[in-house]
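See below for the structure under consideration.
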2 protein chains.
Amino acid sequence: MLNVNSVRFLDDLHRLREFGAAGVGKGVVRPAFGTADIAAREWLAEQMQSAGLEPCFDPVGNLFGLAQGQSLLVGSHSDSQPEGGWLDGALGVIAGLEIARAAHEAGGPPVSVVSFQDEEGRFGVTTGSAIWSGNLALEVADRQSDRDGVSFAEARAAMAHMSGDFVDPSRFTGFVEMHIEQGPWLFEAKEAVGVVSDIVGIRDMRITFDGEQNHAGTTPMHRRRDAFQGVARFNALINERFRNVVTPQTVWTIGHVRLHPDAHSIVPGRATFSMQWRDGESDRLRRMETIIRETAEEVAREAALGLSYGEMLGLEPVPMDAHLRAALNTSAEAVAPGRWRQMQSGALHDATNVARLMPAAMLFVPSINGISHAFAEDTDEADLVTGLKVLAGAVARLCA
Amino acid sequence: MLNVNSVRFLDDLHRLREFGAAGVGKGVVRPAFGTADIAAREWLAEQMQSAGLEPCFDPVGNLFGLAQGQSLLVGSHSDSQPEGGWLDGALGVIAGLEIARAAHEAGGPPVSVVSFQDEEGRFGVTTGSAIWSGNLALEVADRQSDRDGVSFAEARAAMAHMSGDFVDPSRFTGFVEMHIEQGPWLFEAKEAVGVVSDIVGIRDMRITFDGEQNHAGTTPMHRRRDAFQGVARFNALINERFRNVVTPQTVWTIGHVRLHPDAHSIVPGRATFSMQWRDGESDRLRRMETIIRETAEEVAREAALGLSYGEMLGLEPVPMDAHLRAALNTSAEAVAPGRWRQMQSGALHDATNVARLMPAAMLFVPSINGISHAFAEDTDEADLVTGLKVLAGAVARLCA
């Protein structure tokens with residue numbers, strides 16, 4: 001059993017929170033490559049050093065704290081959303097730090113720590129771990145820009161003076177990431193820990209209905225080909241038709257809508273909207289896609305609208321490694337008997353990428369009221385400590 | 001009977017089209033106070049002079065061609081939409097010119113002509129006639145800006161060197177405006193002329209639903225307070241509930257929708273949209289407003305959304321003058337027996353404003369396929385001539 005120090009762990013979490021502290025409560029503004037993010041990474045590197053690890057920045061800002069020889073990798077990311085909370089990925093990094101430190105103090109087993117860069121997607125989606133895992137080519141990433149037009153190449157130049165080579169993934173035997181749930185399931189069930197069974201798959205595309213732009217005063221209702229009415233009809237139909245296909249975990253979202261010309265007095269001639277859906281099973285994602293396409297075609301036909309689809313983003317569900325999961329399950333039942341569950345992750349995480357390279361698994365702690373990516377994000381400190389102990393117990397078992 | 005010259009009338013229409021000719025077919029780009037618009041007005045002033053009228057620009061760019069003494073006023077506007085057709089208001093101005101010219105040649109009756117400025121609303125709504133009629137204060141108009149930030153005060157300064165005082169409305173006994181229908185009714189019925197019974201009233205406001213912005217991957221469907229779903233539900237319900245209230249002429253439109261934060265992966269926390277409805281009866285407009293407010297409140301209550309309303313624009317229906325209408329009806333039946341109708345105008349026109357000052361009436365000719373405010377706008381020349389003759393016949397009757 002690894003003897004982790006929960007006071008030191010919570011202290012470190014609060015010290016990390018000071019980098020970019022903002023907004024109300026425990027709010028943090030620490031987007032990737034900003035001043036606060038780089039300062040936080042420099043502080044993390046010092047803590048790694050003190051914990052007996054060798055700190056290494058790779059060319060894209062990922063920070064590793066390396067134990068000697070083959071080791072288990074534990075961590076997450078320390079960058080935040082433009083308006084984020086103090087935990088999110090920071091929790092997994094500090095938990096990894098405390099476990100590696102405790103392991104070093106105990107003379108083993110060897111545990112390494114990582115804070116991936118730009119998980120929150122200032123420049124893409126889980127940028128740092130996507131590049132490290134080979135999911136995203138560096139040349140492609142370098143051309144990606146943030147909302148202000150700053151390229152990834154320009155941003156990472158700010159850390160060039162401290163960066164070395166990419167770390168060889170073959171030195172790690174597996175990856176375990178602790179993270180807040182970002183949903184309400186654990187909080188509502190008053191449970192302390194969730195062991196992730198798999199990270200759900202995602203489909204995302206744009207759909208466009210083309211109608212006829214016309215005068216909103218002189219065009220009778222029966223003559224209209226109103227593109228917005230197409231979106232509204234499509235939305236109503238899929239909500240109904242998904243009922244026979246989905247589970248309580250399945251989600252779908254129309255989060256973006258753009259009308260043209262978007263004026264009070266003009267019947268919309270065009271409507272483009274986003275359709276995103278997520279589920280743990282590829283087969284269900286496919287059945288939903290069929291419903292989406294058939295429904296869009298039906299709406300277009302009945303309302304005499306043109307229909308076109310944008311490129312579809314498709315990420316398959318990623319199952320977590322069975323051996324690592326078993327260690328987490330056993331540890332969860334030992335530390336928090338009856339107060340944990342196995343569950344899907346509805347959000348993407350660095351583990352999605354790292355699973356390409358090595359066995360990977362994840363552990364969740366509750367999000368109060370299910371809130372994340374907001375200043376109000378928080379978790380009861382007792383649950384944070386329970387999560388740390390479950391993780392430490394699993395690491396001890398895996399390295400035994 | 002006034003002896004109008006249909007060849008001269010069509011020639012003048014085609015000559016006016018050359019000012020700002022653009023796009024495809026008979027397209028015109030002649031927005032208010034642009035180079036093409038001012039040149040067209042100078043050319044119109046010359047034609048008025050040649051027709052025995054006294055041309056007068058008022059301080060806001062309205063151009064009058066004045067007959068001596070008390071006279072009937074005939075006209076419309078010669079500015080166009082950013083992408084417009086050759087007819088729209090230009091038709092009514094040139095028809096007025098031909099009738100005034102024919103009347104002058106015949107030694108009477110006295111007919112004056114007008115081309116109002118900025119009917120198409122570069123700076124507002126029917127700006128020139130709204131100021132002249134007292135519906136819009138000049139100081140207020142002067143502060144209004146176009147999409148590029150140019151103020152009305154700056155724009156009208158371009159015509160200051162040619163402008164005199166406002167024309168005294170009491171010199172006119174009434175106003176008759178000929179215009180294209182901008183809708184499909186006459187075209188579909190193969191009729192040549194519509195005598196306008198009234199200009200419909202309009203209500204227009206913004207409605208906002210406030211929900212809860214959340215992660216689109218980790219927020220289960222049953223926990224969402226999705227503001228876009230509120231808009232879609234509201235739309236479906238009013239479409240159903242309006243059925244018991246509306247006539248085939250009633251129209252309603254959601255032409256503008258804005259989601260916040262408008263991102264694929266975020267459950268929309270806010271949705272603001274426009275709701276506009278038009279009808280010829282104030283009472284029906286009120287009943288529709290009641291349905292709209294009750295439905296929005298029901299949707300907000302059931303989906304736990306916040307609800308707020310923007311300021312409501314309300315313009316009452318404007319009935320056309322009975323005496324002028326009777327003259328148009330009689331003339332229409334004489335010129336085009338069985339090929340005309342009485343009808344509402346679903347669009348606003350300069351006559352809406354002028355009706356505050358004097359008896360006012362309107363005459364429509366068909367729009368091919370109902371198209372207007374587009375380069376493709378057109379009307380069969382035979383119908384243009386029929387419209388001219390109906391108008392001339394009515395003027396002769398009114399001045400007899």
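Here, A, B, ... name the chains of the structure tokens in the order displayed, residue numbers run from 1 inside each chain, and ligands are numbered from 1 in the same displayed order.
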Go through chain B residue by residue and, counting only C-alpha atoms, keep those with an atom at most 7 Å from chain A; for each kept residue give the shortest atom pair and its distance in Å to one decimal, ordered by chain and increasing number, as a tab-separated table.
```
residue	atom	partner	partner_atom	distance
B:Gln182	CA	A:Thr218	CA	6.1
B:Gly183	CA	A:Thr218	CA	4.8
B:Ala216	CA	A:Thr253	CA	6.4
B:Gly217	CA	A:Gly346	CA	4.6
B:Thr218	CA	A:Gly346	CA	4.7
B:Thr219	CA	A:Gly183	CA	5.5
B:Pro220	CA	A:Val251	CA	6.3
B:Met221	CA	A:Val251	CA	6.1
B:Ala232	CA	A:Ala232	CA	5.1
B:Gln249	CA	A:Pro220	CA	6.4
B:Val251	CA	A:Met221	CA	6.1
B:Thr253	CA	A:Ala216	CA	6.5
B:Ile254	CA	A:His264	CA	6.9
B:Gly255	CA	A:His264	CA	4.7
B:His256	CA	A:Asp262	CA	4.4
B:Val257	CA	A:Leu259	CA	6.8
B:Leu259	CA	A:His256	CA	6.7
B:Asp262	CA	A:His256	CA	4.4
B:Ala263	CA	A:His256	CA	5.2
B:His264	CA	A:Gly255	CA	4.7
B:Ser265	CA	A:Gly255	CA	6.6
B:Ile266	CA	A:Gly255	CA	5.8
B:Val267	CA	A:Gly255	CA	5.6
B:Pro268	CA	A:Gly255	CA	5.5
B:Ser274	CA	A:His264	CA	5.8
B:Gln276	CA	A:His264	CA	6.7
B:Arg278	CA	A:Gly217	CA	6.8
B:Gly346	CA	A:Gly217	CA	4.6
B:Ala347	CA	A:Gly217	CA	5.0
```
Output chain A as a compact mmCIF listing (two decimals) with C-alpha atoms, in the first residue's frame, after least-squares fitting it to chain B on all in-order C-alpha pairs.
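Output contents, as saved in part36.txt:
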```txt
# COMPACT_ATOMS: atom_id res chain seq x y z
CA MET A 1 -59.78 60.37 -70.01
CA LEU A 2 -56.05 61.13 -69.80
CA ASN A 3 -54.18 60.15 -72.91
CA VAL A 4 -51.07 58.46 -71.49
CA ASN A 5 -48.28 57.34 -73.81
CA SER A 6 -47.27 53.78 -72.96
CA VAL A 7 -44.18 53.76 -75.21
CA ARG A 8 -42.81 56.89 -73.53
CA PHE A 9 -43.65 55.38 -70.11
CA LEU A 10 -41.77 52.13 -70.84
CA ASP A 11 -38.86 54.07 -72.37
CA ASP A 12 -38.54 56.15 -69.21
CA LEU A 13 -38.66 53.04 -67.04
CA HIS A 14 -35.81 51.51 -69.03
CA ARG A 15 -33.82 54.76 -68.94
CA LEU A 16 -34.18 54.93 -65.15
CA ARG A 17 -33.00 51.32 -64.96
CA GLU A 18 -29.61 52.39 -66.39
CA PHE A 19 -28.86 54.24 -63.16
CA GLY A 20 -27.30 51.48 -61.06
CA ALA A 21 -27.90 48.67 -63.56
CA ALA A 22 -26.18 45.64 -62.04
CA GLY A 23 -26.29 41.91 -61.51
CA VAL A 24 -28.17 39.79 -63.98
CA GLY A 25 -31.21 40.57 -66.17
CA LYS A 26 -32.83 43.84 -65.14
CA GLY A 27 -31.07 44.02 -61.79
CA VAL A 28 -30.46 47.39 -60.12
CA VAL A 29 -28.21 48.51 -57.27
CA ARG A 30 -29.40 51.99 -56.36
CA PRO A 31 -29.56 52.38 -52.59
CA ALA A 32 -30.56 55.75 -51.14
CA PHE A 33 -27.98 58.57 -51.41
CA GLY A 34 -25.56 56.45 -53.43
CA THR A 35 -24.06 57.90 -56.62
CA ALA A 36 -26.58 56.08 -58.81
CA ASP A 37 -29.52 57.18 -56.66
CA ILE A 38 -28.54 60.86 -56.73
CA ALA A 39 -27.84 60.77 -60.47
CA ALA A 40 -31.23 59.11 -61.03
CA ARG A 41 -32.95 61.83 -58.99
CA GLU A 42 -31.21 64.56 -60.99
CA TRP A 43 -32.40 62.90 -64.20
CA LEU A 44 -35.92 62.60 -62.76
CA ALA A 45 -35.88 66.32 -61.86
CA GLU A 46 -35.05 67.13 -65.51
CA GLN A 47 -37.93 64.99 -66.74
CA MET A 48 -40.27 66.72 -64.30
CA GLN A 49 -39.15 70.10 -65.58
CA SER A 50 -39.76 68.99 -69.18
CA ALA A 51 -43.20 67.79 -68.13
CA GLY A 52 -44.09 71.26 -66.90
CA LEU A 53 -43.59 70.53 -63.21
CA GLU A 54 -41.43 72.43 -60.74
CA PRO A 55 -38.80 70.01 -59.33
CA CYS A 56 -38.07 70.45 -55.59
CA PHE A 57 -35.71 68.45 -53.41
CA ASP A 58 -36.58 68.64 -49.74
CA PRO A 59 -33.93 68.45 -46.95
CA VAL A 60 -34.07 64.64 -46.76
CA GLY A 61 -33.77 63.91 -50.49
CA ASN A 62 -37.47 63.48 -51.33
CA LEU A 63 -37.97 64.80 -54.87
CA PHE A 64 -41.29 66.45 -55.76
CA GLY A 65 -42.37 67.57 -59.21
CA LEU A 66 -44.99 70.17 -58.39
CA ALA A 67 -47.97 71.19 -60.51
CA GLN A 68 -49.37 74.66 -59.86
CA GLY A 69 -52.01 75.11 -57.17
CA GLN A 70 -53.88 72.24 -55.52
CA SER A 71 -53.04 68.90 -57.09
CA LEU A 72 -53.23 65.16 -56.72
CA LEU A 73 -49.89 63.57 -55.78
CA VAL A 74 -48.81 60.41 -57.60
CA GLY A 75 -45.54 58.54 -57.04
CA SER A 76 -43.50 56.18 -54.93
CA HIS A 77 -39.70 55.90 -54.50
CA SER A 78 -36.73 55.45 -56.84
CA ASP A 79 -34.13 54.09 -54.39
CA SER A 80 -33.57 50.31 -54.43
CA GLN A 81 -32.57 47.52 -52.09
CA PRO A 82 -28.83 46.67 -51.99
CA GLU A 83 -29.78 44.05 -54.59
CA GLY A 84 -33.02 45.04 -56.25
CA GLY A 85 -35.03 45.02 -59.43
CA TRP A 86 -35.85 47.69 -62.01
CA LEU A 87 -39.48 48.21 -60.93
CA ASP A 88 -40.32 48.13 -57.21
CA GLY A 89 -40.97 51.83 -56.42
CA ALA A 90 -39.44 53.16 -59.66
CA LEU A 91 -42.56 51.96 -61.42
CA GLY A 92 -44.81 54.24 -59.36
CA VAL A 93 -42.54 57.26 -59.90
CA ILE A 94 -42.38 56.85 -63.68
CA ALA A 95 -46.12 56.16 -63.86
CA GLY A 96 -46.70 59.39 -61.91
CA LEU A 97 -44.35 61.24 -64.29
CA GLU A 98 -46.19 60.00 -67.38
CA ILE A 99 -49.60 60.86 -65.94
CA ALA A 100 -48.51 64.34 -64.85
CA ARG A 101 -46.93 64.92 -68.27
CA ALA A 102 -50.07 63.75 -70.09
CA ALA A 103 -52.20 65.94 -67.82
CA HIS A 104 -49.95 68.93 -68.47
CA GLU A 105 -50.13 68.32 -72.23
CA ALA A 106 -53.91 68.13 -71.98
CA GLY A 107 -54.05 71.41 -70.06
CA GLY A 108 -55.05 69.74 -66.78
CA PRO A 109 -55.97 68.40 -64.30
CA PRO A 110 -52.98 69.35 -62.09
CA VAL A 111 -51.01 66.26 -61.07
CA SER A 112 -47.78 66.33 -58.99
CA VAL A 113 -45.18 63.57 -58.76
CA VAL A 114 -42.97 62.37 -55.93
CA SER A 115 -40.00 60.08 -55.46
CA PHE A 116 -39.56 59.54 -51.73
CA GLN A 117 -36.07 58.89 -50.41
CA ASP A 118 -34.83 55.72 -48.66
CA GLU A 119 -38.06 53.81 -48.74
CA GLU A 120 -35.92 50.66 -48.70
CA GLY A 121 -34.60 51.54 -45.29
CA ARG A 122 -30.85 51.99 -45.58
CA PHE A 123 -31.31 54.17 -42.49
CA GLY A 124 -34.65 53.06 -41.08
CA VAL A 125 -38.04 52.11 -42.45
CA THR A 126 -39.55 54.21 -45.30
CA THR A 127 -37.30 57.01 -44.01
CA GLY A 128 -38.08 59.88 -46.39
CA SER A 129 -41.88 59.63 -46.26
CA ALA A 130 -41.78 58.88 -42.52
CA ILE A 131 -40.00 62.20 -41.89
CA TRP A 132 -42.22 64.16 -44.28
CA SER A 133 -45.37 62.78 -42.68
CA GLY A 134 -44.20 63.43 -39.12
CA ASN A 135 -43.94 59.72 -38.26
CA LEU A 136 -40.20 60.13 -37.66
CA ALA A 137 -38.48 63.21 -36.21
CA LEU A 138 -35.60 64.56 -38.31
CA GLU A 139 -33.28 64.76 -35.28
CA VAL A 140 -33.94 61.08 -34.55
CA ALA A 141 -33.43 60.07 -38.19
CA ASP A 142 -30.17 62.04 -38.36
CA ARG A 143 -28.68 59.80 -35.67
CA GLN A 144 -29.68 56.56 -37.42
CA SER A 145 -26.84 54.76 -39.21
CA ASP A 146 -26.54 52.32 -42.05
CA ARG A 147 -24.69 48.99 -41.72
CA ASP A 148 -21.36 50.69 -42.39
CA GLY A 149 -21.86 53.25 -39.64
CA VAL A 150 -22.69 56.17 -41.98
CA SER A 151 -25.31 58.39 -40.34
CA PHE A 152 -28.42 59.70 -42.09
CA ALA A 153 -27.16 63.24 -41.38
CA GLU A 154 -23.90 62.51 -43.22
CA ALA A 155 -25.69 60.81 -46.11
CA ARG A 156 -28.20 63.59 -46.76
CA ALA A 157 -25.40 66.19 -46.68
CA ALA A 158 -24.44 64.80 -50.12
CA MET A 159 -27.65 66.35 -51.49
CA ALA A 160 -27.61 69.57 -49.43
CA HIS A 161 -26.51 71.76 -52.36
CA MET A 162 -29.72 70.98 -54.26
CA SER A 163 -32.23 70.88 -51.44
CA GLY A 164 -34.85 73.41 -50.42
CA ASP A 165 -37.55 73.37 -47.76
CA PHE A 166 -40.04 70.65 -46.98
CA VAL A 167 -43.04 70.74 -49.29
CA ASP A 168 -46.33 71.77 -47.66
CA PRO A 169 -48.60 68.71 -47.75
CA SER A 170 -51.75 70.82 -47.74
CA ARG A 171 -51.22 71.57 -51.44
CA PHE A 172 -52.12 67.95 -52.25
CA THR A 173 -55.67 66.61 -52.34
CA GLY A 174 -54.58 62.97 -52.06
CA PHE A 175 -51.84 60.46 -52.83
CA VAL A 176 -51.96 57.46 -55.16
CA GLU A 177 -49.05 55.01 -55.26
CA MET A 178 -48.54 52.30 -57.85
CA HIS A 179 -46.15 49.48 -56.93
CA ILE A 180 -45.34 45.90 -57.79
CA GLU A 181 -47.18 43.42 -55.57
CA GLN A 182 -44.03 41.67 -54.27
CA GLY A 183 -46.14 38.57 -53.67
CA PRO A 184 -47.58 35.81 -55.84
CA TRP A 185 -51.36 36.38 -55.63
CA LEU A 186 -51.96 38.36 -58.86
CA PHE A 187 -49.39 36.37 -60.83
CA GLU A 188 -50.86 33.04 -59.79
CA ALA A 189 -54.40 34.21 -60.59
CA LYS A 190 -53.27 35.67 -63.96
CA GLU A 191 -54.75 39.03 -62.96
CA ALA A 192 -53.31 42.38 -64.08
CA VAL A 193 -54.14 44.73 -61.23
CA GLY A 194 -54.78 44.77 -57.50
CA VAL A 195 -56.46 47.68 -55.74
CA VAL A 196 -55.17 47.79 -52.18
CA SER A 197 -57.84 47.73 -49.50
CA ASP A 198 -55.43 48.24 -46.63
CA ILE A 199 -51.80 47.90 -45.67
CA VAL A 200 -51.47 45.19 -43.06
CA GLY A 201 -50.38 45.88 -39.52
CA ILE A 202 -47.16 44.45 -38.16
CA ARG A 203 -45.87 43.30 -34.80
CA ASP A 204 -42.22 42.50 -34.31
CA MET A 205 -40.24 41.63 -31.22
CA ARG A 206 -37.32 39.66 -29.90
CA ILE A 207 -37.82 36.80 -27.50
CA THR A 208 -35.06 35.32 -25.36
CA PHE A 209 -34.99 31.96 -23.62
CA ASP A 210 -32.32 31.55 -20.94
CA GLY A 211 -31.30 28.01 -20.11
CA GLU A 212 -28.09 26.54 -18.73
CA GLN A 213 -24.89 26.50 -20.75
CA ASN A 214 -23.30 23.11 -20.29
CA HIS A 215 -20.92 20.47 -21.65
CA ALA A 216 -22.54 18.66 -24.59
CA GLY A 217 -20.72 15.43 -23.76
CA THR A 218 -21.28 15.08 -20.03
CA THR A 219 -24.69 16.65 -19.49
CA PRO A 220 -27.41 13.98 -19.71
CA MET A 221 -30.48 14.83 -21.76
CA HIS A 222 -32.79 14.77 -18.73
CA ARG A 223 -30.65 17.39 -16.96
CA ARG A 224 -30.45 19.87 -19.80
CA ARG A 225 -32.04 23.28 -19.96
CA ASP A 226 -31.32 23.78 -23.65
CA ALA A 227 -32.40 27.21 -24.88
CA PHE A 228 -32.51 26.11 -28.54
CA GLN A 229 -34.92 23.32 -27.67
CA GLY A 230 -37.11 26.08 -26.23
CA VAL A 231 -37.16 27.95 -29.55
CA ALA A 232 -37.92 24.78 -31.50
CA ARG A 233 -40.76 23.84 -29.15
CA PHE A 234 -42.19 27.37 -29.21
CA ASN A 235 -42.10 27.35 -33.02
CA ALA A 236 -43.93 24.04 -33.26
CA LEU A 237 -46.64 25.12 -30.81
CA ILE A 238 -47.44 28.48 -32.37
CA ASN A 239 -47.62 26.93 -35.85
CA GLU A 240 -50.29 24.63 -34.45
CA ARG A 241 -52.16 27.17 -32.35
CA PHE A 242 -52.28 29.91 -34.99
CA ARG A 243 -54.36 27.60 -37.22
CA ASN A 244 -57.56 28.53 -35.39
CA VAL A 245 -56.93 32.25 -35.64
CA VAL A 246 -55.33 33.12 -38.96
CA THR A 247 -56.55 33.75 -42.52
CA PRO A 248 -54.68 32.72 -45.69
CA GLN A 249 -53.27 36.27 -45.77
CA THR A 250 -51.85 36.20 -42.24
CA VAL A 251 -48.09 35.65 -42.08
CA TRP A 252 -45.59 35.04 -39.27
CA THR A 253 -41.84 34.61 -39.40
CA ILE A 254 -38.87 33.61 -37.26
CA GLY A 255 -36.17 35.14 -39.44
CA HIS A 256 -33.40 35.69 -36.90
CA VAL A 257 -31.98 33.22 -34.37
CA ARG A 258 -28.92 33.73 -32.20
CA LEU A 259 -27.62 31.02 -29.85
CA HIS A 260 -25.07 31.53 -27.10
CA PRO A 261 -22.32 30.44 -27.08
CA ASP A 262 -23.23 28.94 -30.48
CA ALA A 263 -20.69 26.09 -30.31
CA HIS A 264 -21.03 22.47 -31.42
CA SER A 265 -19.95 21.04 -28.07
CA ILE A 266 -21.92 23.27 -25.73
CA VAL A 267 -25.57 22.99 -24.77
CA PRO A 268 -26.98 26.43 -25.71
CA GLY A 269 -27.44 28.57 -22.60
CA ARG A 270 -29.32 31.32 -24.38
CA ALA A 271 -31.38 31.71 -27.53
CA THR A 272 -32.66 35.03 -28.85
CA PHE A 273 -34.95 35.06 -31.85
CA SER A 274 -37.23 37.39 -33.78
CA MET A 275 -40.96 36.88 -33.93
CA GLN A 276 -42.81 38.92 -36.53
CA TRP A 277 -46.44 38.68 -37.51
CA ARG A 278 -48.64 40.65 -39.93
CA ASP A 279 -52.36 40.86 -40.54
CA GLY A 280 -54.95 43.32 -41.78
CA GLU A 281 -56.90 43.35 -38.50
CA SER A 282 -55.67 44.79 -35.23
CA ASP A 283 -57.83 42.37 -33.33
CA ARG A 284 -56.21 39.35 -34.97
CA LEU A 285 -52.74 40.81 -34.34
CA ARG A 286 -53.70 41.04 -30.66
CA ARG A 287 -55.02 37.48 -30.52
CA MET A 288 -51.80 36.26 -32.09
CA GLU A 289 -49.79 38.21 -29.54
CA THR A 290 -51.72 36.52 -26.75
CA ILE A 291 -50.94 33.09 -28.21
CA ILE A 292 -47.27 34.03 -28.61
CA ARG A 293 -46.91 35.21 -25.03
CA GLU A 294 -48.88 32.34 -23.52
CA THR A 295 -46.92 29.80 -25.55
CA ALA A 296 -43.54 31.31 -24.70
CA GLU A 297 -44.50 31.29 -21.03
CA GLU A 298 -45.69 27.70 -21.22
CA VAL A 299 -42.47 26.57 -22.94
CA ALA A 300 -40.34 28.45 -20.41
CA ARG A 301 -42.23 26.95 -17.48
CA GLU A 302 -42.14 23.37 -18.77
CA ALA A 303 -38.45 23.49 -19.75
CA ALA A 304 -37.33 25.57 -16.74
CA LEU A 305 -36.09 28.37 -18.99
CA GLY A 306 -35.93 32.07 -18.28
CA LEU A 307 -38.01 34.22 -20.64
CA SER A 308 -37.70 37.85 -21.65
CA TYR A 309 -39.14 40.02 -24.38
CA GLY A 310 -37.53 42.87 -26.30
CA GLU A 311 -39.40 46.01 -27.19
CA MET A 312 -42.36 45.36 -29.48
CA LEU A 313 -42.65 47.25 -32.75
CA GLY A 314 -46.32 47.77 -33.48
CA LEU A 315 -47.76 49.38 -36.61
CA GLU A 316 -51.51 49.29 -36.98
CA PRO A 317 -53.18 48.30 -40.26
CA VAL A 318 -53.74 51.35 -42.50
CA PRO A 319 -57.01 51.35 -44.49
CA MET A 320 -56.83 53.03 -47.89
CA ASP A 321 -59.12 55.98 -48.55
CA ALA A 322 -62.58 54.87 -49.69
CA HIS A 323 -63.05 57.62 -52.27
CA LEU A 324 -59.69 57.03 -53.95
CA ARG A 325 -60.24 53.25 -53.84
CA ALA A 326 -63.61 53.61 -55.50
CA ALA A 327 -62.00 55.55 -58.37
CA LEU A 328 -59.34 52.85 -58.74
CA ASN A 329 -61.94 50.07 -58.63
CA THR A 330 -64.07 51.72 -61.31
CA SER A 331 -61.06 52.36 -63.50
CA ALA A 332 -59.74 48.79 -63.03
CA GLU A 333 -63.06 47.30 -64.07
CA ALA A 334 -63.15 49.60 -67.12
CA VAL A 335 -59.56 48.88 -68.24
CA ALA A 336 -59.19 45.22 -67.20
CA PRO A 337 -62.67 43.80 -66.63
CA GLY A 338 -62.57 40.59 -64.52
CA ARG A 339 -58.77 40.73 -64.35
CA TRP A 340 -58.34 42.66 -61.10
CA ARG A 341 -59.06 42.24 -57.42
CA GLN A 342 -59.13 44.12 -54.16
CA MET A 343 -56.35 42.91 -51.87
CA GLN A 344 -54.27 43.67 -48.82
CA SER A 345 -50.68 44.83 -48.97
CA GLY A 346 -48.47 42.61 -46.84
CA ALA A 347 -45.56 45.01 -47.23
CA LEU A 348 -45.15 48.51 -45.84
CA HIS A 349 -45.09 51.36 -48.36
CA ASP A 350 -44.68 55.12 -48.44
CA ALA A 351 -48.49 55.27 -48.55
CA THR A 352 -48.49 54.00 -44.93
CA ASN A 353 -46.92 57.29 -43.88
CA VAL A 354 -48.64 59.61 -46.35
CA ALA A 355 -52.06 58.33 -45.18
CA ARG A 356 -51.45 60.39 -42.00
CA LEU A 357 -51.46 63.58 -44.08
CA MET A 358 -54.11 63.07 -46.75
CA PRO A 359 -56.35 60.46 -48.39
CA ALA A 360 -54.09 57.74 -49.81
CA ALA A 361 -54.53 54.67 -51.99
CA MET A 362 -52.43 52.05 -53.78
CA LEU A 363 -52.47 49.99 -56.95
CA PHE A 364 -50.50 46.76 -57.51
CA VAL A 365 -49.31 45.03 -60.67
CA PRO A 366 -48.19 41.36 -60.65
CA SER A 367 -44.70 40.22 -59.66
CA ILE A 368 -43.57 37.31 -61.83
CA ASN A 369 -43.25 34.29 -59.51
CA GLY A 370 -43.84 36.65 -56.59
CA ILE A 371 -40.16 37.69 -56.62
CA SER A 372 -38.97 41.10 -55.40
CA HIS A 373 -35.95 42.64 -53.70
CA ALA A 374 -33.83 40.57 -56.06
CA PHE A 375 -32.24 41.00 -59.50
CA ALA A 376 -34.82 38.54 -60.85
CA GLU A 377 -37.77 40.85 -60.02
CA ASP A 378 -39.91 41.49 -63.14
CA THR A 379 -43.41 42.16 -64.48
CA ASP A 380 -44.82 41.59 -67.95
CA GLU A 381 -44.75 44.92 -69.82
CA ALA A 382 -48.39 44.45 -70.83
CA ASP A 383 -49.28 44.40 -67.11
CA LEU A 384 -47.19 47.53 -66.49
CA VAL A 385 -49.15 49.36 -69.19
CA THR A 386 -52.47 48.06 -67.85
CA GLY A 387 -51.49 49.38 -64.41
CA LEU A 388 -50.61 52.78 -65.92
CA LYS A 389 -53.97 52.97 -67.68
CA VAL A 390 -55.91 52.03 -64.55
CA LEU A 391 -54.05 54.70 -62.62
CA ALA A 392 -54.60 57.31 -65.35
CA GLY A 393 -58.29 56.48 -65.50
CA ALA A 394 -58.62 56.88 -61.74
CA VAL A 395 -56.78 60.22 -61.77
CA ALA A 396 -59.04 61.51 -64.55
CA ARG A 397 -62.13 60.45 -62.57
CA LEU A 398 -60.85 62.01 -59.34
CA CYS A 399 -60.06 65.34 -60.99
CA ALA A 400 -63.18 65.44 -63.15
```
Every residue of stretch 93-329 of chain B that DSSP places in strand (DSSP E), as a ChimeraX atom specification | /B:111-116,172-180,193-199,201-210,214-215,251-253,257-260,266-267,270-279,306-309,313-315,318-319
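Residues of stretch 26-92 of chain B carrying a DSSP assignment of helix (DSSP H, G or I), computed from the backbone, are B:Thr35, B:Ala36, B:Asp37, B:Ile38, B:Ala39, B:Ala40, B:Arg41, B:Glu42, B:Trp43, B:Leu44, B:Ala45, B:Glu46, B:Gln47, B:Met48, B:Gln49, B:Ser50, B:Ala90, B:Leu91, B:Gly92.
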